[in-house]
>>> print(open('query.txt').read())   # compact mmCIF, C-alpha atoms
# COMPACT_ATOMS: atom_id res chain seq x y z
CA MET A 1 -3.48 71.74 -48.03
CA SER A 2 -0.67 69.28 -47.49
CA LEU A 3 2.50 70.99 -48.68
CA LEU A 4 5.00 69.13 -50.82
CA LEU A 5 7.42 72.01 -51.29
CA LEU A 6 8.43 74.77 -48.85
CA ILE A 7 10.84 77.35 -50.25
CA ASP A 8 12.90 79.95 -48.40
CA GLY A 9 12.44 82.65 -51.06
CA TYR A 10 15.21 85.13 -50.33
CA ASN A 11 17.58 82.25 -49.60
CA ILE A 12 17.34 81.33 -53.27
CA THR A 13 17.42 84.83 -54.74
CA GLN A 14 20.00 86.13 -52.23
CA PRO A 15 19.01 89.74 -52.89
CA ILE A 16 21.73 92.36 -52.68
CA ALA A 17 20.70 95.99 -52.85
CA PRO A 18 22.19 97.93 -55.76
CA THR A 19 24.83 100.34 -54.46
CA ARG A 20 24.07 103.24 -56.81
CA ASN A 21 20.66 104.80 -57.28
CA PRO A 22 18.69 101.71 -56.34
CA ASP A 23 15.27 101.33 -57.90
CA PRO A 24 12.84 101.25 -54.97
CA ARG A 25 11.24 98.14 -56.50
CA TRP A 26 14.45 96.08 -56.92
CA LEU A 27 13.43 93.57 -54.24
CA GLU A 28 10.04 93.10 -55.86
CA ARG A 29 11.76 92.39 -59.19
CA ASP A 30 13.92 89.70 -57.51
CA ARG A 31 10.81 88.07 -56.03
CA ASN A 32 8.99 88.19 -59.36
CA VAL A 33 11.90 86.53 -61.19
CA LEU A 34 11.86 83.65 -58.69
CA LEU A 35 8.07 83.27 -58.81
CA ARG A 36 8.07 83.35 -62.61
CA GLU A 37 10.77 80.65 -62.75
CA LEU A 38 8.89 78.45 -60.29
CA THR A 39 5.68 78.94 -62.28
CA ASN A 40 7.44 77.95 -65.50
CA GLN A 41 9.20 74.90 -64.05
CA LEU A 42 6.69 73.35 -61.63
CA SER A 43 3.60 71.49 -62.77
CA GLU A 44 0.25 72.87 -61.66
CA PRO A 45 -0.39 70.08 -59.11
CA VAL A 46 3.02 70.73 -57.51
CA ARG A 47 2.49 74.52 -57.54
CA ARG A 48 -0.79 74.05 -55.66
CA LYS A 49 1.20 72.31 -52.89
CA THR A 50 4.06 74.83 -52.79
CA CYS A 51 4.65 77.67 -50.34
CA VAL A 52 7.31 80.34 -50.86
CA VAL A 53 8.22 82.38 -47.77
CA PHE A 54 9.91 85.80 -47.86
CA ASP A 55 11.27 87.98 -45.07
CA ALA A 56 9.27 91.19 -44.79
CA ALA A 57 8.24 93.15 -41.76
CA ASN A 58 5.98 95.04 -44.15
CA PRO A 59 4.82 93.29 -47.30
CA PRO A 60 4.59 95.29 -50.53
CA ARG A 61 1.80 97.87 -50.32
CA ASP A 62 -0.03 96.37 -53.27
CA ARG A 63 -0.01 92.86 -51.78
CA PRO A 64 -1.40 91.26 -48.63
CA SER A 65 0.95 89.33 -46.35
CA GLU A 66 -0.25 86.10 -47.99
CA PHE A 67 -1.51 85.55 -51.53
CA VAL A 68 -1.65 82.93 -54.27
CA HIS A 69 0.54 83.22 -57.37
CA HIS A 70 -0.35 80.75 -60.16
CA GLY A 71 -1.44 78.23 -57.54
CA MET A 72 1.54 78.73 -55.19
CA SER A 73 1.07 80.14 -51.72
CA VAL A 74 3.33 83.17 -51.19
CA ARG A 75 3.81 84.39 -47.63
CA PHE A 76 5.66 87.31 -46.10
CA ALA A 77 6.96 86.85 -42.56
CA VAL A 78 4.77 89.58 -41.12
CA ASP A 79 4.49 89.29 -37.32
CA TYR A 80 7.66 87.16 -37.22
CA LEU A 81 11.21 88.25 -36.48
CA SER A 82 12.37 86.56 -39.68
CA ALA A 83 11.25 84.21 -42.43
CA ASP A 84 13.12 81.45 -40.55
CA ASP A 85 10.61 81.68 -37.70
CA LEU A 86 7.68 81.31 -40.09
CA LEU A 87 9.40 78.47 -41.98
CA GLU A 88 9.99 76.60 -38.70
CA GLU A 89 6.36 77.07 -37.71
CA ILE A 90 5.16 75.68 -41.06
CA ILE A 91 7.51 72.68 -40.73
CA ARG A 92 6.33 72.01 -37.14
CA ALA A 93 2.66 72.20 -38.16
CA HIS A 94 2.98 69.90 -41.20
CA HIS A 95 0.85 66.76 -40.71
CA THR A 96 2.99 64.50 -42.93
CA PRO A 97 6.51 65.96 -42.87
CA LYS A 98 8.04 62.96 -44.70
CA ARG A 99 6.19 64.22 -47.79
CA LEU A 100 7.72 67.70 -47.45
CA MET A 101 10.80 69.02 -49.31
CA VAL A 102 12.26 72.12 -47.65
CA VAL A 103 14.44 74.25 -49.94
CA SER A 104 16.85 76.39 -47.92
CA SER A 105 20.60 76.57 -47.40
CA ASP A 106 20.01 77.92 -43.90
CA HIS A 107 21.24 75.30 -41.42
CA ARG A 108 18.65 76.34 -38.85
CA ILE A 109 15.88 75.49 -41.32
CA GLN A 110 17.57 72.26 -42.41
CA ILE A 111 17.82 71.13 -38.78
CA ALA A 112 14.12 71.94 -38.24
CA ALA A 113 13.26 69.88 -41.35
CA ARG A 114 15.46 66.96 -40.26
CA ARG A 115 13.92 66.92 -36.75
CA ARG A 116 10.48 66.43 -38.27
CA GLY A 117 11.64 63.90 -40.86
CA ALA A 118 11.20 66.27 -43.80
CA ALA A 119 13.64 66.24 -46.70
CA HIS A 120 15.75 69.31 -47.36
CA PHE A 121 17.88 70.57 -50.20
CA ASP A 122 20.32 73.49 -50.46
CA SER A 123 18.79 76.38 -52.40
CA GLU A 124 21.31 76.95 -55.17
CA PRO A 125 21.73 73.34 -56.35
CA TRP A 126 17.96 72.78 -56.05
CA MET A 127 17.25 75.80 -58.24
CA ASP A 128 20.01 74.84 -60.71
CA ASP A 129 18.49 71.38 -61.05
CA LEU A 130 15.00 72.86 -61.39
CA THR A 131 16.07 75.05 -64.31
CA ASP A 132 17.59 71.91 -65.86
CA GLY A 133 14.19 70.21 -65.56
CA LYS A 134 14.95 68.10 -62.46
CA ILE A 135 12.40 68.68 -59.73
CA HIS A 136 13.51 67.41 -56.32
CA LEU A 137 10.60 66.53 -54.05
CA ALA A 138 10.45 64.27 -51.01
CA ILE A 139 7.99 61.95 -52.76
CA ASP A 140 7.26 60.88 -56.30
CA VAL A 141 4.12 62.64 -57.53
CA GLY A 142 3.90 60.82 -60.83
CA PRO A 143 4.78 61.40 -64.46
CA LYS A 144 3.34 64.94 -64.56
CA SER A 145 6.08 66.13 -62.23
CA GLY A 146 8.71 65.08 -64.71
CA GLY A 147 10.81 62.17 -65.82
CA ALA A 148 13.80 60.42 -64.34
CA GLY A 149 15.18 62.13 -61.28
CA GLN A 150 12.13 64.32 -60.91
CA GLY A 151 9.43 64.03 -58.34
CA GLY A 152 11.97 63.74 -55.55
CA ARG A 153 13.54 60.39 -56.22
CA PRO A 154 17.07 60.12 -57.61
CA PRO A 155 17.18 58.63 -61.08
CA ALA A 156 17.46 54.87 -61.08
CA ALA A 157 20.84 53.51 -62.12
CA PRO A 158 20.69 52.15 -65.64
CA GLU A 159 20.72 48.40 -65.91
CA LYS A 160 24.01 46.85 -66.96
CA SER A 161 22.55 45.61 -70.24
CA SER A 162 21.11 48.94 -71.33
CA PRO A 163 22.96 51.02 -73.94
CA ALA A 164 23.05 53.97 -71.53
CA ALA A 165 25.07 51.91 -69.05
CA LYS A 166 27.89 51.21 -71.51
CA LYS A 167 30.85 53.54 -71.44
CA PRO A 168 31.93 54.94 -74.77
CA ARG A 169 35.00 53.18 -76.08
CA ILE A 170 37.54 54.48 -78.55
CA GLN A 171 38.46 51.71 -80.92
CA ASP A 172 41.22 53.50 -82.86
CA GLN A 173 44.56 54.03 -81.05
CA SER A 174 45.42 56.91 -83.42
CA GLU A 175 42.37 58.81 -82.10
CA VAL A 176 43.58 58.28 -78.53
CA ASP A 177 47.06 59.51 -79.49
CA GLN A 178 45.56 62.58 -81.19
CA TRP A 179 43.55 63.50 -78.05
CA MET A 180 46.58 62.97 -75.81
CA ARG A 181 48.60 65.39 -77.97
CA GLU A 182 45.68 67.82 -77.91
CA PHE A 183 45.87 67.89 -74.12
CA GLY A 184 49.66 68.20 -74.00
CA PHE A 185 50.62 64.58 -73.35
CA ASP A 186 53.16 62.57 -75.30
CA PRO A 187 51.37 59.36 -76.36
CA ASP A 188 54.67 57.44 -76.68
>>> encode(input="query.txt", output="structure tokens")
Amino acid sequence: MSLLLLIDGYNITQPIAPTRNPDPRWLERDRNVLLRELTNQLSEPVRRKTCVVFDAANPPRDRPSEFVHHGMSVRFAVDYLSADDLLEEIIRAHHTPKRLMVVSSDHRIQIAARRRGAAHFDSEPWMDDLTDGKIHLAIDVGPKSGGAGQGGRPPAAPEKSSPAAKKPRIQDQSEVDQWMREFGFDPD
């Protein structure tokens, strides 16, 4: 499988243990929320080329250290000091790193991606855009991955003649004066 998307799982969820009477399964709930959101937002072809990596010296008892969730590969960093070590190994082993988008705010991981020519994106803005329907990938995977700005390419600038390129204009000076007063400015 040639990965298109490599995600540093806990870097996105940024799990913080509850301070009072923590539910022993709180971390599992955080992981499930992320996996559910990825499942809902990514197309099936993209999910099949996605790997989410989580730190875990010991994976959950009911799960192996690697499994598939709705087409996505999910891996726990068993036998590694941290998820960063596993992420770096996956980046190093990728046969076509220019096709790979690495999602992590960890500078160590971003440097590893850059060294291999892979694209990278900070976790929080990537996830914010994903929930807004904008999927950032290193390559365009076609219309199924989404519309403008999805599939990894920034949206094309609208042409000068298109209606979207025109700035709205207020034709009536009284409307301008009204808005200036609304915001505490004296229009005179």
>>> residues_around(input="query.txt", residues="Ser73 of chain A", least_positions_apart="5", cutoff="7 Å", atoms="all atoms listed in the file", output="PyMOL selection string")
chain A and resi 50-52+67-68
>>> closest_residue(input="query.txt", among="A:Ala56, A:Leu42, A:Val33, A:Val102", to="Leu3 of chain A", atoms="only C-alpha atoms")
A:Val102
>>> atom_distance(input="query.txt", atom1="atom CA of Asp85 of chain A", atom2="atom CA of Ile109 of chain A")
8.9 Å
>>> residues_around(input="query.txt", residues="Leu130 of chain A", least_positions_apart="3", cutoff="9 Å", atoms="all atoms listed in the file", output="list in words")
Glu37, Leu38, Gln41, Leu42, Pro125, Trp126, Met127, Gly133, Lys134, Ile135 and His136 of chain A
>>> write_last_selection(input="query.txt", atoms="C-alpha atoms", output="short mmCIF file (atom, residue, chain, number, x, y, z; two decimals), in the coordinates of the input")
data_model
loop_
_atom_site.label_atom_id
_atom_site.label_comp_id
_atom_site.auth_asym_id
_atom_site.auth_seq_id
_atom_site.Cartn_x
_atom_site.Cartn_y
_atom_site.Cartn_z
CA GLU A 37 10.77 80.65 -62.75
CA LEU A 38 8.89 78.45 -60.29
CA GLN A 41 9.20 74.90 -64.05
CA LEU A 42 6.69 73.35 -61.63
CA PRO A 125 21.73 73.34 -56.35
CA TRP A 126 17.96 72.78 -56.05
CA MET A 127 17.25 75.80 -58.24
CA GLY A 133 14.19 70.21 -65.56
CA LYS A 134 14.95 68.10 -62.46
CA ILE A 135 12.40 68.68 -59.73
CA HIS A 136 13.51 67.41 -56.32
#
>>> closest_residue(input="query.txt", among="A:Ala119, A:Val176, A:Ala113, A:Ile90", to="Ser2 of chain A", atoms="only C-alpha atoms")
A:Ile90
>>> atom_distance(input="query.txt", atom1="atom CA of Asn11 of chain A", atom2="atom CA of Val141 of chain A")
25.1 Å
>>> residues_around(input="query.txt", residues="segment 94-96 of chain A", least_positions_apart="5", cutoff="12 Å", atoms="all atoms listed in the file", output="list in words")
Met1, Ser2, Leu3, Leu4, Leu5, Leu6, Leu87, Glu88, Glu89, Met101, Val102, Ala112, Ala113, Arg116, Gly117, Ala118, Ala119, Ala138 and Ile139 of chain A
>>> atom_distance(input="query.txt", atom1="atom CA of His107 of chain A", atom2="atom CA of His120 of chain A")
10.1 Å
>>> closest_residue(input="query.txt", among="A:Ile7, A:Leu137, A:Leu100, A:Leu27", to="Leu86 of chain A", atoms="all atoms listed in the file")
A:Ile7
>>> closest_residue(input="query.txt", among="A:Arg99, A:Ser123, A:Leu81, A:His70", to="Glu44 of chain A", atoms="only C-alpha atoms")
A:His70
>>> closest_residue(input="query.txt", among="A:Ile12, A:Val74, A:Arg181, A:Arg63", to="Lys49 of chain A", atoms="all atoms listed in the file")
A:Val74
